[in-house]
Every structure is written in structure tokens, then in C-alpha cells.
Amino acid sequence: PPLFQGIVMDGNTQPGTLTNGDKKIHIIGSNTLQFILLIWPLAGANQSTIRNLTLANAPIIALFVAPNGGHIFNDNIVYNNNTVITAPFSLIEFQCPNTTIKGNIIGTDHTFSTNSIFYSNSGCAINTNFCGGNTTIGGLLPGEKNYFYNVRAPSAAGAFASSTNTKNKISGNIFINNAGNENIQLHNSGTLCPANYAKDIPSYYYNITGGILTMQGTSLPNDFIEIYKSDPLWNDAISLLGTTTADASGHFTSIISGVAANEKVIITATDPQNYTSDFSWPCASEGFLQVSGAQCPGNTTTISYSATPTLTNFPGTTNPLNIQVIDSLYYGPSLLAFGATINTGQYYSTSQTNLPVGSYFVTFTFKQATPIGEPYFGIGCPNIRITEPLVIRDCAPPCSDCIGSFNPKPGDTLIVSTWVKEENAQATKVNYNLPKLSVEYPGSSAAASGPFFAKGQIIDNWQRLEEQFIVPTTAVNLRIKLECISGNCLYDDIRVFPKNGSMKSYVYDPKTMRLVAELDERNYATIYEYDEEGKLTRIKKETERGIMTIQENKSSSSKK
């Protein structure tokens with residue numbers, strides 16, 4: 001019968017229960033039962049906790065029904081024996097929010113036998129069906145992962161399936177000896193709350209050389225990527241190899257050691273809202289999107305995409321990699337779409353003229369041209385999107401105080417560095433807080449970067465200021481503003497350069513043209529001193545502890 005109040009059932013209260021292995025308490029049903037457990041709490045009832053039990057043999061082992069949620073289903077063994085149950089449905093179904101499902105063995109007994117006859121004949125091992133969701137299935141900490149075994153028949157929807165449930169976080173689980181559709185299947189029918197809102201599948205490629213797996217791929221920005229060893233058909237997730245996180249542009253890389261040659265690897269992506277994707281297989285290689293040309297009104301801007309043909313053995317085919325660009329567009333101040341342009345091959349290029357001034361993004365949507373076969377039921381490889389910023393500048397007339405060779409682009413990360421000094425500062429002062437540097441963006445609504453102040457040791461009455469900043473996407477000009485909050489401040493050795501670059505500068509005596517200082521990548525000076533005859537006598541070095549002499553030469557000439 002249904003349980004209308006919150007209940008705690010914990011098999012560990014039975015004396016002699018072992019932490020690992022079989023459970024001490026078994027609740028075994030039969031073909032005449034509909035449920036082993038039907039948790040249907042009334043409004044206001046407490047949540048239920050079911051843990052450390054072996055539950056077996058019923059069309060549905062456990063059903064948790066709304067409105068109340070917050071249930072815990074941990075550390076249980078759940079299966080059906082085909083000789084007892086002839087028409088099972090989902091082993092466990094959750095029609096409630098905020099559920100935690102961790103540490104369970106589902107589809108087999110405690111021996112983890114893949115030859116057993118325990119399986120779900122239809123439906124799936126776990127199904128979630130409730131708008132609002134917040135379901136956690138597994139985890140990365142010890143004892144949190146679930147084991148899914150022997151979900152067998154072709155009619156099975158997957159080891160885990162969800163129809164109308166959002167925020168399903170599916171992490172760290174092991175899927176072995178399963179057949180039918182994918183191990184994670186998110187049904188995205190309906191408009192109310194399709195499962196995880198059709199979370200995008202990540203794309204990737206990889207190679208294994210000398211036991212080292214190197215992977216690159218794309219997903220949505222800040223997605224958490226889990227990487228699993230798989231079976232020869234890229235179906236099961238046999239063990240977790242490692243994790244990585246996509247950067248702000250959606251790119252991710254991972255290097256994992258101790259991986260056997262020719263190993264098959266599948267991945268999932270989970271976004272910061274805990275929406276997890278289906279498992280993804282290596283359909284297509286990551287490519288490169290480039291935006292080039294004179295990016296000024298009236299000029300031609302060329303956009304090209306090129307694939308990296310490294311993957312030739314994706315599941316079910318030995319065909320070479322062919323990319324099919326199915327759509328590409330600009331979007332920004334105005335929407336300018338190319339339309340569905342089909343192009344199959346390794347390279348795709350197009351151009352546009354007379355784009356208005358403004359900040360845009362160029363997006364390519366493409367997919368692997370050759371459909372993939374079983375075990376994915378011919379659904380083909382997922383569409384993959386790559387995005388690149390594009391800025392059309394107001395190039396005429398050029399500003400009178402611009403530096404022609406200095407051309408940072410929106411989205412670039414730059415480093416600004418200078419040395420500052422407060423005039424008439426007390427000798428006991430340990431930090432200069434009056435000099436202030438900001439980076440402004442005239443002609444744009446973007447806020448200024450900064451203000452920035454000096455930090456670190458005062459060296460020979462000077463203190464270094466160095467900070468990073470990102471050029472906003474709407475920026476068309478850049479201006480460095482030097483201020484002094486009060487009194488007089490001095491600035492020296494001002495420099496701006498890309499974060500992924502390095503810069504050195506040199507100071508020469510204007511009369512003798514001798515090198516008197518060399519400023520390194522961190523804007524610290526190496527100082528050269530000469531005698532009256534022009535011979536190098538001393539080399540000094542600025543460090544965080546002050547100026548130090550690192551070389552000194554003394555010589556004398558005999559007098560006649």
C-alpha cells in the first residue's frame with residue numbers, strides 16, 4: 001500500500017550488516033505485486049530516506065510521487081529477475097523534486113555479475129518525471145556513484161531516462177553491459193519542462209600516444225566535463241578517467257595519463273545550473289573559426305572554418321571526417337544571417353561586405369556529414385556550434401592620437417604596467433596610494449577598467465603598478481588615464497601588451513647612444529654604468545628586494 005507519511009528505512013540498523021557486499025535486509029516481491037515501495041507523502045509530510053536495502057522483483061521496485069520531495073535513495077541494491085518478473089517497467093521512478101540517488105547498485109546483485117539475468121525488460125532503470133527536478137544522481141566523492149548493470153532489451157529507454165525533469169545532475173556513475181538506447185536519455189518532447197532543457201551535447205576529439213590521452217573539445221561556457229573509459233561501441237561508461245571545465249569561450253582540454261592505446265572515450269557536460277547532457281561520442285573533430293579581412297565599413301570581411309581531420313574511426317564507420325556547415329550568421333547590433341548554407345568538406349569560407357559599425361558574433365553550426373549508426377539508433381552526430389567575436393570599426397577618419405601599430409581587439413586580455421612615484425613622499429612610506437591609473441573606452445558605453453594602484457616593494461623611490469584588463473566587446477578606442485589623487489605624481493616606463501605575449505624595452509643615452517637600461521618582461525630594469533672611456537663598469541638589477549649589483553668590472557691603464 002502507499003506510504004503517505006515520511007519514512008526512514010535503513011538496513012544498517014540490522015546487526016551484522018557489512019559496509020560492502022550484500023545487504024542484510026532483502027525485500028523481495030513477485031509478479032503479483034505492482035510495487036515494492038510506493039512513497040506518496042501527503043502535503044506537509046516529511047521526506048523519506050531509503051538506504052542499505054536489497055529490493056527486487058516487482059514491475060516497479062519503487063515509485064516516489066509528488067507533491068513532497070527531498071527524498072534520499074542511497075546505497076541500495078535494486079534488480080529484477082527475469083524468471084520471476086515478466087513485464088517490468090522502470091525499476092525506480094521519481095515523480096518529485098529535490099531527490100538524491102547515490103551509491104546504489106541497479107540492475108544486478110552485489111556480485112556485479114554481468115552474466116546474471118537481472119534486467120529491466122522495458123522502460124529504464126531510473127526515470128525522473130517532475131517539473132522543477134533538482135535531482136542528483138551519483139557524485140564524484142567516494143561511495144556516491146551508482147552502478148547501472150544489465151539494462152538490456154531494445155525497448156529499454158536507457159539506464160537513466162528523464163521525460164519532464166529539469167536540473168538532473170548525473171555525475172560519476174558507472175554503466176556496464178547495457179543495451180538499447182543511450183545510458184543517459186533526456187526526452188525533450190513537450191514545451192513545459194523538457195528534460196534538462198535539451199542540454200547541448202559537447203563535441204570533442206582525442207588521441208592516445210604512449211599511454212597519454214590528449215583531448216580537445218567545445219561545449220557551452222563553464223560546462224563541467226566528465227571523461228569516461230567506454231566499451232568498443234562508445235556506449236557504456238566503465239570508469240571515470242578525469243574531469244575538466246570549459247573556459248569562457250566554451251573550449252576545454254584535458255591530458256590524462258595511464259590510458260591504454262585505442263581506448264574508447266565518452267564524455268558528459270554539466271552546466272553551472274546542474275543540467276547534465278546525454279553521453280557524447282567523438283563525432284567530429286574540433287575546428288578553427290577565423291574572421292579576417294579589413295574590418296571597416298565598406299570593406300570585405302572573410303569568415304572561414306577549417307576542420308582538423310584527426311578522427312577517422314568514429315562508431316560504425318571508417319569514412320574520413322567531413323564537416324557539413326548547416327548555418328552561419330552574424331548577430332549583434334543587427335541580425336544578418338547567411339541562411340542554411342550546406343557545404344561538406346574540410347574547409348568552408350564565405351565573405352560579407354558593408355557590415356555596419358558595431359560589435360558582432362560570428363556563429364557556425366556544423367555537424368559530421370556521415371550519420372552514425374547503432375547503438376545510437378541513427379540519430380546522427382549532434383550539431384556543434386563555434387562562436388567568434390567580430391568588431392566593425394569606424395575607420396574613417398582615423399583619430400589624430402592613435403598608434404597605428406597598436407591594435408588591441410575587443411575581448412583581448414591586456415597587461416598595463418608602469419612605475420610610479422609620489423613627489424616629496426616621506427621616507428617611511430611603504431606604499432604609494434596617490435597615483436591612480438584607469439583604462440577608458442571613448443565612443444563606447446563600456447565602463448572603465450580600474451582604477452589600478454601600485455603594489456609591492458618601493459625600489460629606489462619608485463613602485464611598480466601592473467594589472468590585467470579585458471577590452472570590452474563594444475570598445476572602439478582605448479585611452480590610458482594617469483591621475484594623482486593629491487599633490488604631484490610621476491609615471492615612468494608605461495607599457496601595454498597582450499597577456500599571452502611578452503615585452504622588453506630599452507633605454508639609450510641620447511648623447512652617446514649607449515644602452516643604459518633594459519626593462520624585462522615584468523618591467524624590472526637591468527642598469528648599465530660606464531666609465532669616462534665608455535667601458536662597462538657595473539651592471540645592476542632591479543628586484544623585488546631592491547637594486548642589486550650583479551656584475552662589476554675594474555680596470556686601470558699604466559701611466560707613462
# chains A, B, ... in the order shown; residues from 1 in each chain; ligands from 1
$ select_by_dssp --residues "stretch 9-147 of chain A" --states "strand (DSSP E)" --output "ChimeraX atom specification"
/A:9-10,26-28,35-39,49-51,54-56,60-65,72-74,77-79,92-95,100-102,105-106,123-130,135-138,147
$ residues_around --residues "A:Met9" --least-positions-apart "3" --cutoff "8 Å" --atoms "only C-alpha atoms" --output "ChimeraX atom specification"
/A:49-51
$ closest_residue --among "A:Gly501, A:Pro41, A:Pro2, A:Gly534" --to "A:Arg514" --atoms "only C-alpha atoms"
A:Gly534
$ residues_around --residues "A:Ala448" --least-positions-apart "2" --cutoff "7 Å" --atoms "only C-alpha atoms" --output "PDB file with all heavy atoms, in the first residue's frame"
ATOM      1  N   SER A 438      43.668  54.360 -14.866  1.00  0.00           N
ATOM      2  CA  SER A 438      42.436  53.764 -15.373  1.00  0.00           C
ATOM      3  C   SER A 438      42.545  53.595 -16.881  1.00  0.00           C
ATOM      4  O   SER A 438      43.313  54.304 -17.551  1.00  0.00           O
ATOM      5  CB  SER A 438      41.221  54.639 -15.039  1.00  0.00           C
ATOM      6  OG  SER A 438      41.108  54.855 -13.647  1.00  0.00           O
ATOM      7  N   VAL A 439      41.780  52.644 -17.423  1.00  0.00           N
ATOM      8  CA  VAL A 439      41.712  52.442 -18.869  1.00  0.00           C
ATOM      9  C   VAL A 439      40.287  52.757 -19.293  1.00  0.00           C
ATOM     10  O   VAL A 439      39.336  52.113 -18.847  1.00  0.00           O
ATOM     11  CB  VAL A 439      42.088  51.006 -19.269  1.00  0.00           C
ATOM     12  CG1 VAL A 439      42.042  50.854 -20.786  1.00  0.00           C
ATOM     13  CG2 VAL A 439      43.467  50.649 -18.738  1.00  0.00           C
ATOM     14  N   GLU A 440      40.130  53.769 -20.140  1.00  0.00           N
ATOM     15  CA  GLU A 440      38.822  54.210 -20.592  1.00  0.00           C
ATOM     16  C   GLU A 440      38.600  53.804 -22.044  1.00  0.00           C
ATOM     17  O   GLU A 440      39.561  53.516 -22.779  1.00  0.00           O
ATOM     18  CB  GLU A 440      38.689  55.728 -20.426  1.00  0.00           C
ATOM     19  CG  GLU A 440      38.830  56.189 -18.977  1.00  0.00           C
ATOM     20  CD  GLU A 440      38.731  57.702 -18.843  1.00  0.00           C
ATOM     21  OE1 GLU A 440      38.957  58.398 -19.862  1.00  0.00           O
ATOM     22  OE2 GLU A 440      38.415  58.182 -17.737  1.00  0.00           O
ATOM     23  N   TYR A 441      37.319  53.823 -22.475  1.00  0.00           N
ATOM     24  CA  TYR A 441      36.952  53.374 -23.813  1.00  0.00           C
ATOM     25  C   TYR A 441      36.062  54.427 -24.470  1.00  0.00           C
ATOM     26  O   TYR A 441      34.831  54.306 -24.496  1.00  0.00           O
ATOM     27  CB  TYR A 441      36.245  52.025 -23.743  1.00  0.00           C
ATOM     28  CG  TYR A 441      37.038  51.015 -22.947  1.00  0.00           C
ATOM     29  CD1 TYR A 441      36.717  50.739 -21.617  1.00  0.00           C
ATOM     30  CD2 TYR A 441      38.131  50.369 -23.503  1.00  0.00           C
ATOM     31  CE1 TYR A 441      37.459  49.828 -20.878  1.00  0.00           C
ATOM     32  CE2 TYR A 441      38.887  49.461 -22.764  1.00  0.00           C
ATOM     33  CZ  TYR A 441      38.542  49.211 -21.449  1.00  0.00           C
ATOM     34  OH  TYR A 441      39.288  48.314 -20.711  1.00  0.00           O
ATOM     35  N   ALA A 446      30.929  51.158 -22.481  1.00  0.00           N
ATOM     36  CA  ALA A 446      31.582  50.259 -21.531  1.00  0.00           C
ATOM     37  C   ALA A 446      32.223  51.048 -20.398  1.00  0.00           C
ATOM     38  O   ALA A 446      32.796  52.134 -20.602  1.00  0.00           O
ATOM     39  CB  ALA A 446      32.637  49.417 -22.235  1.00  0.00           C
ATOM     40  N   GLY A 450      39.555  49.481 -13.991  1.00  0.00           N
ATOM     41  CA  GLY A 450      40.294  50.116 -12.918  1.00  0.00           C
ATOM     42  C   GLY A 450      39.346  50.841 -11.966  1.00  0.00           C
ATOM     43  O   GLY A 450      38.139  50.578 -11.936  1.00  0.00           O
TER      44      GLY A 450
END
$ residues_around --residues "A:Lys102" --least-positions-apart "4" --cutoff "9 Å" --atoms "only C-alpha atoms" --output "ChimeraX atom specification"
/A:72-76,136-139,143-146,173
$ atom_distance --atom1 "atom CA of A:Gly172" --atom2 "atom CA of A:Pro272"
16.4 Å
$ closest_residue --among "A:Phe112, A:Phe252, A:Trp419, A:Trp281" --to "A:Ile494" --atoms "only C-alpha atoms"
A:Trp419
$ atom_distance --atom1 "atom CA of A:Asn523" --atom2 "atom CA of A:Lys541"
11.3 Å
$ atom_distance --atom1 "atom CA of A:Leu213" --atom2 "atom CA of A:Asp278"
21.9 Å
$ residues_around --residues "A:Pro221" --least-positions-apart "2" --cutoff "12 Å" --atoms "only C-alpha atoms" --output "ChimeraX atom specification"
/A:200,202,217-219,223-225,245-252,269-272,385-387
$ closest_residue --among "A:Ser502, A:Asn461, A:Thr135, A:Asn488" --to "A:Leu414" --atoms "only C-alpha atoms"
A:Ser502
$ residues_around --residues "A:Tyr508" --least-positions-apart "4" --cutoff "12 Å" --atoms "only C-alpha atoms" --output "JSON, numbers by chain"
{"A": [512, 513, 514, 515, 516, 517, 518, 519, 527, 528, 529]}
$ write_last_selection --atoms "N, CA and C atoms" --output "short mmCIF file (atom, residue, chain, number, x, y, z; two decimals), in the first residue's frame"
data_model
loop_
_atom_site.label_atom_id
_atom_site.label_comp_id
_atom_site.auth_asym_id
_atom_site.auth_seq_id
_atom_site.Cartn_x
_atom_site.Cartn_y
_atom_site.Cartn_z
N THR A 512 75.39 59.70 -26.14
CA THR A 512 76.37 58.67 -26.51
C THR A 512 75.74 57.49 -27.21
N MET A 513 74.39 57.34 -27.13
CA MET A 513 73.64 56.23 -27.69
C MET A 513 74.05 54.89 -27.08
N ARG A 514 74.61 54.96 -25.86
CA ARG A 514 74.92 53.72 -25.16
C ARG A 514 73.66 53.19 -24.48
N LEU A 515 73.54 51.87 -24.41
CA LEU A 515 72.43 51.24 -23.71
C LEU A 515 72.62 51.45 -22.21
N VAL A 516 71.67 52.13 -21.58
CA VAL A 516 71.79 52.40 -20.15
C VAL A 516 70.81 51.58 -19.31
N ALA A 517 69.77 51.01 -19.93
CA ALA A 517 68.84 50.19 -19.17
C ALA A 517 68.07 49.27 -20.12
N GLU A 518 67.75 48.09 -19.61
CA GLU A 518 66.92 47.13 -20.33
C GLU A 518 65.83 46.66 -19.38
N LEU A 519 64.57 46.89 -19.76
CA LEU A 519 63.45 46.52 -18.91
C LEU A 519 62.88 45.18 -19.38
N ILE A 527 70.38 47.78 -15.25
CA ILE A 527 71.00 49.09 -15.44
C ILE A 527 72.49 48.91 -15.76
N TYR A 528 72.97 49.62 -16.78
CA TYR A 528 74.35 49.52 -17.23
C TYR A 528 75.06 50.85 -16.96
N GLU A 529 76.23 50.80 -16.28
CA GLU A 529 77.01 52.01 -15.98
C GLU A 529 78.37 51.91 -16.68
#
